[in-house]
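File shown: start-v9.tsv (TSV, C-alpha atoms).
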chain	number	residue	atom	x	y	z
A	916	MET	CA	9.43	-7.46	-24.14
A	917	ARG	CA	11.98	-6.40	-21.54
A	918	VAL	CA	12.91	-6.67	-17.88
A	919	ILE	CA	11.35	-3.66	-16.14
A	920	ALA	CA	13.46	-3.26	-12.98
A	921	GLY	CA	16.38	-4.56	-10.99
A	922	THR	CA	19.79	-5.91	-11.93
A	923	ALA	CA	18.70	-6.98	-15.43
A	924	ARG	CA	16.63	-3.85	-16.12
A	925	GLY	CA	16.27	-3.17	-19.82
A	926	THR	CA	17.33	-6.65	-20.92
A	927	ARG	CA	15.30	-7.64	-23.97
A	928	LEU	CA	13.62	-11.03	-23.71
A	929	ALA	CA	12.66	-13.14	-26.70
A	930	THR	CA	9.31	-14.89	-27.14
A	931	LEU	CA	8.11	-17.65	-29.39
A	932	ALA	CA	6.34	-16.52	-32.54
A	933	GLY	CA	2.54	-16.57	-32.41
A	934	ASP	CA	0.35	-16.91	-29.35
A	935	ASP	CA	-0.57	-20.57	-29.63
A	936	VAL	CA	2.13	-21.57	-27.10
A	937	THR	CA	2.78	-18.40	-25.11
A	938	ARG	CA	0.98	-15.13	-24.45
A	939	PRO	CA	3.44	-12.65	-22.91
A	940	THR	CA	2.23	-10.61	-19.95
A	941	VAL	CA	1.98	-6.96	-20.96
A	942	ASP	CA	4.25	-4.51	-19.13
A	943	ARG	CA	1.50	-2.74	-17.18
A	944	VAL	CA	0.20	-6.05	-15.80
A	945	LYS	CA	3.73	-7.19	-15.00
A	946	GLU	CA	4.47	-3.89	-13.27
A	947	GLY	CA	1.26	-4.22	-11.23
A	948	MET	CA	2.15	-7.78	-10.29
A	949	PHE	CA	5.60	-6.87	-9.05
A	950	SER	CA	4.49	-3.68	-7.33
A	951	ALA	CA	2.15	-5.87	-5.26
A	952	VAL	CA	5.00	-8.14	-4.08
A	953	GLN	CA	7.98	-5.80	-4.22
A	954	PHE	CA	8.76	-6.00	-0.51
A	955	MET	CA	8.62	-9.82	-0.52
A	956	LEU	CA	11.10	-10.46	-3.32
A	957	GLU	CA	14.47	-9.91	-1.63
A	958	GLY	CA	15.79	-13.42	-0.99
A	959	ALA	CA	12.49	-15.05	-1.97
A	960	ARG	CA	11.99	-18.53	-3.38
A	961	VAL	CA	9.86	-18.07	-6.51
A	962	LEU	CA	7.86	-20.51	-8.64
A	963	ASP	CA	6.90	-19.43	-12.17
A	964	LEU	CA	4.23	-21.79	-13.55
A	965	PHE	CA	3.21	-21.73	-17.23
A	966	SER	CA	6.46	-19.83	-17.71
A	967	GLY	CA	6.24	-19.19	-21.46
A	968	SER	CA	9.27	-16.98	-22.15
A	969	GLY	CA	10.22	-16.86	-18.47
A	970	GLN	CA	9.62	-13.13	-18.20
A	971	LEU	CA	7.84	-13.25	-14.81
A	972	GLY	CA	10.46	-15.37	-13.06
A	973	ILE	CA	13.29	-13.39	-14.65
A	974	GLU	CA	11.67	-10.17	-13.41
A	975	ALA	CA	11.51	-11.69	-9.89
A	976	LEU	CA	15.19	-12.69	-10.03
A	977	SER	CA	16.14	-9.25	-11.33
A	978	ARG	CA	14.34	-7.69	-8.37
A	979	GLY	CA	16.20	-9.75	-5.77
A	980	ALA	CA	14.63	-13.21	-5.55
A	981	ALA	CA	17.13	-15.82	-4.34
A	982	TYR	CA	16.06	-18.42	-6.89
A	983	CYS	CA	13.28	-19.37	-9.22
A	984	VAL	CA	11.92	-22.58	-10.70
A	985	PHE	CA	10.38	-22.21	-14.16
A	986	VAL	CA	7.78	-24.83	-15.12
A	987	GLU	CA	6.63	-25.09	-18.73
A	988	THR	CA	5.34	-27.96	-20.90
A	989	ASP	CA	6.52	-26.76	-24.32
A	990	SER	CA	10.11	-27.73	-25.22
A	991	GLY	CA	10.56	-24.67	-27.46
A	992	ALA	CA	9.43	-22.40	-24.65
A	993	CYS	CA	11.85	-24.12	-22.24
A	994	LYS	CA	14.71	-23.42	-24.66
A	995	MET	CA	13.53	-19.80	-24.90
A	996	ILE	CA	13.54	-19.50	-21.09
A	997	SER	CA	17.11	-20.79	-20.99
A	998	ARG	CA	18.16	-18.29	-23.67
A	999	ASN	CA	16.43	-15.45	-21.82
A	1000	LEU	CA	18.10	-16.42	-18.55
A	1001	GLN	CA	21.44	-16.34	-20.35
A	1002	ALA	CA	20.65	-12.92	-21.85
A	1003	ALA	CA	19.83	-11.62	-18.36
A	1004	ASP	CA	23.01	-13.27	-16.96
A	1005	MET	CA	21.01	-15.46	-14.57
A	1006	GLU	CA	20.80	-19.10	-13.61
A	1007	ALA	CA	17.68	-21.01	-12.58
A	1008	ASP	CA	15.98	-24.38	-12.83
A	1009	VAL	CA	13.84	-24.88	-15.95
A	1010	VAL	CA	11.52	-27.86	-15.68
A	1011	GLN	CA	9.66	-29.23	-18.70
A	1012	MET	CA	6.45	-30.84	-17.44
A	1013	PRO	CA	2.80	-29.99	-16.86
A	1014	ALA	CA	2.20	-27.71	-13.88
A	1015	GLU	CA	-0.09	-30.28	-12.26
A	1016	SER	CA	2.62	-32.96	-12.40
A	1017	TYR	CA	5.23	-30.62	-10.99
A	1018	LEU	CA	2.97	-29.51	-8.15
A	1019	SER	CA	2.03	-33.11	-7.31
A	1020	ALA	CA	5.67	-34.12	-6.99
A	1021	CYS	CA	7.00	-30.89	-5.43
A	1022	ARG	CA	8.50	-31.26	-1.96
A	1023	GLU	CA	9.61	-27.65	-1.43
A	1024	GLN	CA	7.77	-24.47	-0.56
A	1025	PHE	CA	7.89	-21.11	-2.26
A	1026	ASP	CA	7.48	-17.56	-0.95
A	1027	VAL	CA	6.02	-16.18	-4.17
A	1028	ILE	CA	4.21	-18.05	-6.95
A	1029	VAL	CA	3.45	-16.33	-10.25
A	1030	LEU	CA	1.33	-17.93	-12.92
A	1031	ASP	CA	-0.17	-16.92	-16.23
A	1032	PRO	CA	-1.92	-20.05	-17.57
A	1033	PRO	CA	-4.04	-20.24	-20.73
A	1034	TYR	CA	-7.29	-18.31	-20.30
A	1035	HIS	CA	-10.84	-19.71	-20.23
A	1036	HIS	CA	-9.97	-23.12	-18.77
A	1037	GLY	CA	-10.38	-22.52	-15.02
A	1038	THR	CA	-6.76	-23.55	-14.53
A	1039	VAL	CA	-5.96	-21.28	-11.60
A	1040	GLN	CA	-9.09	-22.33	-9.74
A	1041	ALA	CA	-8.29	-26.02	-10.30
A	1042	LEU	CA	-4.68	-25.60	-9.13
A	1043	LEU	CA	-5.38	-23.61	-5.95
A	1044	PRO	CA	-5.42	-26.68	-3.62
A	1045	MET	CA	-2.02	-27.78	-4.97
A	1046	LEU	CA	-0.68	-24.23	-4.78
A	1047	ASP	CA	-1.79	-24.06	-1.15
A	1048	ARG	CA	0.43	-27.06	-0.42
A	1049	VAL	CA	3.61	-25.59	-2.00
A	1050	LEU	CA	3.18	-21.98	-0.86
A	1051	ALA	CA	5.07	-21.18	2.33
A	1052	PRO	CA	3.14	-19.64	5.25
A	1053	GLY	CA	3.02	-15.89	4.69
A	1054	GLY	CA	3.53	-16.42	0.95
A	1055	VAL	CA	1.74	-14.81	-1.98
A	1056	ILE	CA	0.31	-16.07	-5.26
A	1057	MET	CA	-0.13	-13.64	-8.16
A	1058	ALA	CA	-2.37	-15.24	-10.79
A	1059	GLU	CA	-3.19	-13.74	-14.17
A	1060	THR	CA	-6.54	-14.72	-15.68
A	1061	GLU	CA	-9.15	-13.29	-17.99
A	1062	TYR	CA	-11.24	-10.60	-16.29
A	1063	GLY	CA	-14.52	-12.05	-15.03
A	1064	ALA	CA	-13.13	-15.52	-14.27
A	1065	PRO	CA	-14.71	-16.67	-10.99
A	1066	MET	CA	-12.00	-16.76	-8.35
A	1067	PRO	CA	-12.84	-18.28	-4.94
A	1068	GLU	CA	-12.46	-16.17	-1.80
A	1069	THR	CA	-10.62	-18.99	0.00
A	1070	CYS	CA	-9.05	-22.36	-0.71
A	1071	GLY	CA	-7.47	-24.19	2.21
A	1072	ARG	CA	-5.30	-21.58	3.91
A	1073	LEU	CA	-5.27	-19.33	0.83
A	1074	HIS	CA	-7.27	-16.12	1.02
A	1075	ARG	CA	-8.01	-13.85	-1.91
A	1076	LYS	CA	-6.78	-10.42	-0.84
A	1077	LYS	CA	-7.19	-8.30	-3.94
A	1078	GLN	CA	-8.04	-8.43	-7.61
A	1079	TYR	CA	-6.71	-5.89	-10.08
A	1080	LYS	CA	-8.24	-5.19	-13.50
A	1081	TYR	CA	-6.21	-4.30	-16.58
A	1082	GLY	CA	-8.66	-4.15	-19.47
A	1083	THR	CA	-9.56	-7.78	-20.25
A	1084	VAL	CA	-6.96	-9.13	-17.81
A	1085	ALA	CA	-7.39	-9.78	-14.09
A	1086	LEU	CA	-4.57	-10.19	-11.62
A	1087	THR	CA	-5.59	-11.94	-8.40
A	1088	ARG	CA	-3.53	-11.92	-5.22
A	1089	TYR	CA	-3.85	-14.81	-2.78
A	1090	GLU	CA	-2.04	-14.90	0.56
A	1091	LYS	CA	-1.42	-17.86	2.82
A	1092	GLY	CA	-1.82	-17.37	6.53
A	1093	PHE	CA	0.51	-18.66	9.19
A	1094	ASP	CA	-0.50	-21.69	11.27
A	1095	GLU	CA	-2.37	-20.68	14.37
A	1096	GLU	CA	-1.05	-23.42	16.63

In structure tokens, write the structure found in this file.
Amino acid sequence: MRVIAGTARGTRLATLAGDDVTRPTVDRVKEGMFSAVQFMLEGARVLDLFSGSGQLGIEALSRGAAYCVFVETDSGACKMISRNLQAADMEADVVQMPAESYLSACREQFDVIVLDPPYHHGTVQALLPMLDRVLAPGGVIMAETEYGAPMPETCGRLHRKKQYKYGTVALTRYEKGFDEE
């Protein structure tokens, strides 16, 4: 696994052995994800939930994001994220806690949220109301799920704009509108 583009392009990133804790996003899905948000990344505030190895947030930082918060429950994965950040010569906040707990306590807003939670649990759908609260107006969520997972058209001010299919993987883009006051 490597960083695809930007200042850390080509940097090899380590992952934990096995797929019981993490399931790295394959390069073609990652490239699709970042092609969809490429013009939003410069100076963006990014949230990487279910970070695993940290590859999505590191890719965002490499492509010009101002900062990123990595949220992961597994302590070994958090250590791996820190090592990968060091390998890419980057600094960021790594938070070890469940995504739901982080989102409940979060007081800031993000321009881009990337998440690749465990499949077949309806996690993205369950988190959408909380994601709506922490996504800045005009922001984008890129959520990786198994293909065929039912994804709502709207949730609060979030609107599903597009869904991409990569074999058995789906990548869903949600956008948050601006207040109409």

Point to revise | Atom-to-atom span, CA of Met1066 (chain A) and CA of Ile973 (chain A), Å | key: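 It comes out at 26.3 Å.
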
Exercise for review: Give me, please, the distance in Å between CA of Leu1042 (chain A) and CA of Phe1093 (chain A), quoted to one decimal.
Suggested key: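 Computing the Euclidean distance for CA of Leu1042 (chain A) and CA of Phe1093 (chain A) yields 20.3 Å.
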
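Nearest residue to Pro1067 (chain A), choosing from A:Gln1024, A:Gln1040, A:Thr940, A:Ser977 and counting all atoms listed in the file: A:Gln1040.
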
Point to revise | Interatomic distance, CA of Ile1056 (chain A) to CA of Arg978 (chain A) (Å, one decimal) | key: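 Value for the CA of Ile1056 (chain A)-CA of Arg978 (chain A) distance: 16.6 Å.
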
Practice item. Please identify all polymer residues within 7 Å of region 916-931 of chain A, counting all atoms listed in the file, omitting same-chain residues fewer than 5 positions from it, and present them as a list of chain:residue names. Key: A:Thr937, A:Ser968, A:Glu974, A:Ser977, A:Arg978, A:Ala992, A:Met995, A:Asn999, A:Ala1003

**Study point:** A:Val1027, A:Val952, A:Cys983, A:Leu1050 ranked by distance to Arg1072 (chain A), top pick (using all atoms listed in the file)
**Key:**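 Of A:Val1027, A:Val952, A:Cys983, A:Leu1050, the one nearest Arg1072 (chain A) is A:Leu1050, counting all atoms listed in the file.
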
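The nearest approach to Met1057 (chain A) among the residues A:Cys1070, A:Val1039, A:Met948, A:Val1009, with all atoms listed in the file taken into account, belongs to A:Met948.
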
Practice item. May I have the residues within 7 Å of Glu1090 (chain A) as a list in words, using all atoms listed in the file and disregarding those fewer than 5 positions away in the same chain? Key: Gly1053, Gly1054, Val1055, Ile1056, Leu1073, His1074, Arg1075 and Lys1076 of chain A

Review point. Which residues, protein or nucleic acid, reach to within 12 Å of (-8.5, -21.9, -19.0) in the file's coordinates when using all atoms listed in the file, and can you give that as a PyMOL selection string?
Key: chain A and resi 965+1031-1042+1059-1062+1064-1065

Check your understanding: Closest to Ala1014 (chain A) among A:Ala1051, A:Val1084, A:Leu956, A:Met1045, using only C-alpha atoms?
Key -> A:Met1045

**Study point:** Residue among A:Gly967, A:Gly979, A:Gly1092, A:Gly947 lying closest to Val1010 (chain A), counting only C-alpha atoms
**Key:**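 Once distances to Val1010 (chain A) are computed over only C-alpha atoms, the minimum belongs to A:Gly967.
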
Point to revise | Residue nearest Ala951 (chain A) among A:Ser1019, A:Gln1078, A:Ser966, A:Thr1083 (counting only C-alpha atoms) | key: A:Gln1078

Can you report as AutoDock Vina command-line options the centre and edge lengths in Å, to one decimal, of an axis-aligned box around the listed atoms of region 967-985 of chain A padded with 3 Å on each side?
--center_x 11.7 --center_y -15.1 --center_z -13.2 --size_x 16.9 --size_y 20.9 --size_z 23.8

Exercise for review: Determine, counting all atoms listed in the file, which protein, DNA and RNA residues have an atom within 12 Å of an atom of region 1020-1022 of chain A; residues of the same chain fewer than 2 positions away are not included. Present the result as a list in words.
Suggested key: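 Surrounding residues, per the criterion: Leu962, Val984, Val986, Val1010, Met1012, Pro1013, Ala1014, Glu1015, Ser1016, Tyr1017, Leu1018, Gln1024, Phe1025, Met1045, Leu1046, Asp1047, Arg1048, Val1049, Leu1050 and Ala1051 of chain A.
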
Is it possible to add all heavy atoms to region 1076-1087 of chain A and hand it back as a PDB file, keeping the file's coordinate frame?
ATOM      1  N   LYS A1076      -6.937 -11.721  -1.485  1.00  0.00           N
ATOM      2  CA  LYS A1076      -6.780 -10.420  -0.840  1.00  0.00           C
ATOM      3  C   LYS A1076      -7.172  -9.270  -1.752  1.00  0.00           C
ATOM      4  O   LYS A1076      -7.672  -8.256  -1.278  1.00  0.00           O
ATOM      5  CB  LYS A1076      -5.335 -10.223  -0.367  1.00  0.00           C
ATOM      6  CG  LYS A1076      -4.960 -11.137   0.768  1.00  0.00           C
ATOM      7  CD  LYS A1076      -5.809 -10.832   1.985  1.00  0.00           C
ATOM      8  CE  LYS A1076      -5.409 -11.679   3.165  1.00  0.00           C
ATOM      9  NZ  LYS A1076      -6.198 -11.411   4.341  1.00  0.00           N
ATOM     10  N   LYS A1077      -6.915  -9.409  -3.037  1.00  0.00           N
ATOM     11  CA  LYS A1077      -7.190  -8.300  -3.940  1.00  0.00           C
ATOM     12  C   LYS A1077      -7.231  -8.820  -5.367  1.00  0.00           C
ATOM     13  O   LYS A1077      -6.573  -9.790  -5.715  1.00  0.00           O
ATOM     14  CB  LYS A1077      -6.104  -7.238  -3.800  1.00  0.00           C
ATOM     15  CG  LYS A1077      -6.370  -5.979  -4.582  1.00  0.00           C
ATOM     16  CD  LYS A1077      -5.804  -4.783  -3.872  1.00  0.00           C
ATOM     17  CE  LYS A1077      -6.007  -3.571  -4.724  1.00  0.00           C
ATOM     18  NZ  LYS A1077      -6.935  -2.622  -4.267  1.00  0.00           N
ATOM     19  N   GLN A1078      -8.033  -8.128  -6.184  1.00  0.00           N
ATOM     20  CA  GLN A1078      -8.040  -8.430  -7.610  1.00  0.00           C
ATOM     21  C   GLN A1078      -7.893  -7.107  -8.345  1.00  0.00           C
ATOM     22  O   GLN A1078      -8.580  -6.131  -8.042  1.00  0.00           O
ATOM     23  CB  GLN A1078      -9.314  -9.156  -8.034  1.00  0.00           C
ATOM     24  CG  GLN A1078      -9.219  -9.668  -9.459  1.00  0.00           C
ATOM     25  CD  GLN A1078     -10.348 -10.613  -9.809  1.00  0.00           C
ATOM     26  OE1 GLN A1078     -11.495 -10.219  -9.807  1.00  0.00           O
ATOM     27  NE2 GLN A1078      -9.996 -11.853 -10.112  1.00  0.00           N
ATOM     28  N   TYR A1079      -6.983  -7.075  -9.285  1.00  0.00           N
ATOM     29  CA  TYR A1079      -6.710  -5.890 -10.080  1.00  0.00           C
ATOM     30  C   TYR A1079      -7.224  -6.123 -11.492  1.00  0.00           C
ATOM     31  O   TYR A1079      -7.141  -7.238 -12.001  1.00  0.00           O
ATOM     32  CB  TYR A1079      -5.197  -5.622 -10.142  1.00  0.00           C
ATOM     33  CG  TYR A1079      -4.503  -5.637  -8.795  1.00  0.00           C
ATOM     34  CD1 TYR A1079      -4.063  -6.840  -8.230  1.00  0.00           C
ATOM     35  CD2 TYR A1079      -4.283  -4.469  -8.091  1.00  0.00           C
ATOM     36  CE1 TYR A1079      -3.415  -6.857  -6.998  1.00  0.00           C
ATOM     37  CE2 TYR A1079      -3.640  -4.475  -6.853  1.00  0.00           C
ATOM     38  CZ  TYR A1079      -3.212  -5.675  -6.322  1.00  0.00           C
ATOM     39  OH  TYR A1079      -2.575  -5.689  -5.111  1.00  0.00           O
ATOM     40  N   LYS A1080      -7.712  -5.075 -12.141  1.00  0.00           N
ATOM     41  CA  LYS A1080      -8.240  -5.190 -13.500  1.00  0.00           C
ATOM     42  C   LYS A1080      -7.398  -4.350 -14.443  1.00  0.00           C
ATOM     43  O   LYS A1080      -7.134  -3.179 -14.167  1.00  0.00           O
ATOM     44  CB  LYS A1080      -9.701  -4.732 -13.549  1.00  0.00           C
ATOM     45  CG  LYS A1080     -10.326  -4.867 -14.931  1.00  0.00           C
ATOM     46  CD  LYS A1080     -11.769  -4.409 -14.921  1.00  0.00           C
ATOM     47  CE  LYS A1080     -12.461  -4.652 -16.221  1.00  0.00           C
ATOM     48  NZ  LYS A1080     -12.102  -3.751 -17.288  1.00  0.00           N
ATOM     49  N   TYR A1081      -6.972  -4.965 -15.528  1.00  0.00           N
ATOM     50  CA  TYR A1081      -6.210  -4.300 -16.580  1.00  0.00           C
ATOM     51  C   TYR A1081      -6.891  -4.609 -17.907  1.00  0.00           C
ATOM     52  O   TYR A1081      -6.503  -5.570 -18.585  1.00  0.00           O
ATOM     53  CB  TYR A1081      -4.765  -4.795 -16.611  1.00  0.00           C
ATOM     54  CG  TYR A1081      -4.016  -4.569 -15.322  1.00  0.00           C
ATOM     55  CD1 TYR A1081      -3.998  -5.536 -14.328  1.00  0.00           C
ATOM     56  CD2 TYR A1081      -3.331  -3.382 -15.090  1.00  0.00           C
ATOM     57  CE1 TYR A1081      -3.310  -5.328 -13.138  1.00  0.00           C
ATOM     58  CE2 TYR A1081      -2.648  -3.168 -13.907  1.00  0.00           C
ATOM     59  CZ  TYR A1081      -2.643  -4.149 -12.938  1.00  0.00           C
ATOM     60  OH  TYR A1081      -1.959  -3.943 -11.761  1.00  0.00           O
ATOM     61  N   GLY A1082      -7.916  -3.871 -18.243  1.00  0.00           N
ATOM     62  CA  GLY A1082      -8.660  -4.150 -19.470  1.00  0.00           C
ATOM     63  C   GLY A1082      -9.344  -5.500 -19.377  1.00  0.00           C
ATOM     64  O   GLY A1082     -10.185  -5.723 -18.518  1.00  0.00           O
ATOM     65  N   THR A1083      -8.957  -6.439 -20.240  1.00  0.00           N
ATOM     66  CA  THR A1083      -9.560  -7.780 -20.250  1.00  0.00           C
ATOM     67  C   THR A1083      -8.811  -8.764 -19.362  1.00  0.00           C
ATOM     68  O   THR A1083      -9.136  -9.942 -19.334  1.00  0.00           O
ATOM     69  CB  THR A1083      -9.613  -8.340 -21.685  1.00  0.00           C
ATOM     70  OG1 THR A1083      -8.275  -8.435 -22.186  1.00  0.00           O
ATOM     71  CG2 THR A1083     -10.447  -7.445 -22.601  1.00  0.00           C
ATOM     72  N   VAL A1084      -7.806  -8.276 -18.646  1.00  0.00           N
ATOM     73  CA  VAL A1084      -6.960  -9.130 -17.810  1.00  0.00           C
ATOM     74  C   VAL A1084      -7.227  -8.848 -16.330  1.00  0.00           C
ATOM     75  O   VAL A1084      -7.388  -7.698 -15.926  1.00  0.00           O
ATOM     76  CB  VAL A1084      -5.463  -8.874 -18.118  1.00  0.00           C
ATOM     77  CG1 VAL A1084      -4.559  -9.647 -17.169  1.00  0.00           C
ATOM     78  CG2 VAL A1084      -5.144  -9.212 -19.559  1.00  0.00           C
ATOM     79  N   ALA A1085      -7.281  -9.902 -15.543  1.00  0.00           N
ATOM     80  CA  ALA A1085      -7.390  -9.780 -14.090  1.00  0.00           C
ATOM     81  C   ALA A1085      -6.135 -10.350 -13.451  1.00  0.00           C
ATOM     82  O   ALA A1085      -5.561 -11.336 -13.933  1.00  0.00           O
ATOM     83  CB  ALA A1085      -8.614 -10.527 -13.577  1.00  0.00           C
ATOM     84  N   LEU A1086      -5.703  -9.721 -12.389  1.00  0.00           N
ATOM     85  CA  LEU A1086      -4.570 -10.190 -11.620  1.00  0.00           C
ATOM     86  C   LEU A1086      -5.078 -10.378 -10.192  1.00  0.00           C
ATOM     87  O   LEU A1086      -5.552  -9.435  -9.563  1.00  0.00           O
ATOM     88  CB  LEU A1086      -3.463  -9.134 -11.668  1.00  0.00           C
ATOM     89  CG  LEU A1086      -2.117  -9.469 -11.087  1.00  0.00           C
ATOM     90  CD1 LEU A1086      -1.521 -10.706 -11.754  1.00  0.00           C
ATOM     91  CD2 LEU A1086      -1.183  -8.281 -11.263  1.00  0.00           C
ATOM     92  N   THR A1087      -5.046 -11.621  -9.716  1.00  0.00           N
ATOM     93  CA  THR A1087      -5.590 -11.940  -8.400  1.00  0.00           C
ATOM     94  C   THR A1087      -4.469 -12.291  -7.446  1.00  0.00           C
ATOM     95  O   THR A1087      -3.593 -13.094  -7.768  1.00  0.00           O
ATOM     96  CB  THR A1087      -6.595 -13.119  -8.499  1.00  0.00           C
ATOM     97  OG1 THR A1087      -7.591 -12.792  -9.466  1.00  0.00           O
ATOM     98  CG2 THR A1087      -7.253 -13.386  -7.153  1.00  0.00           C
TER      99      THR A1087
END
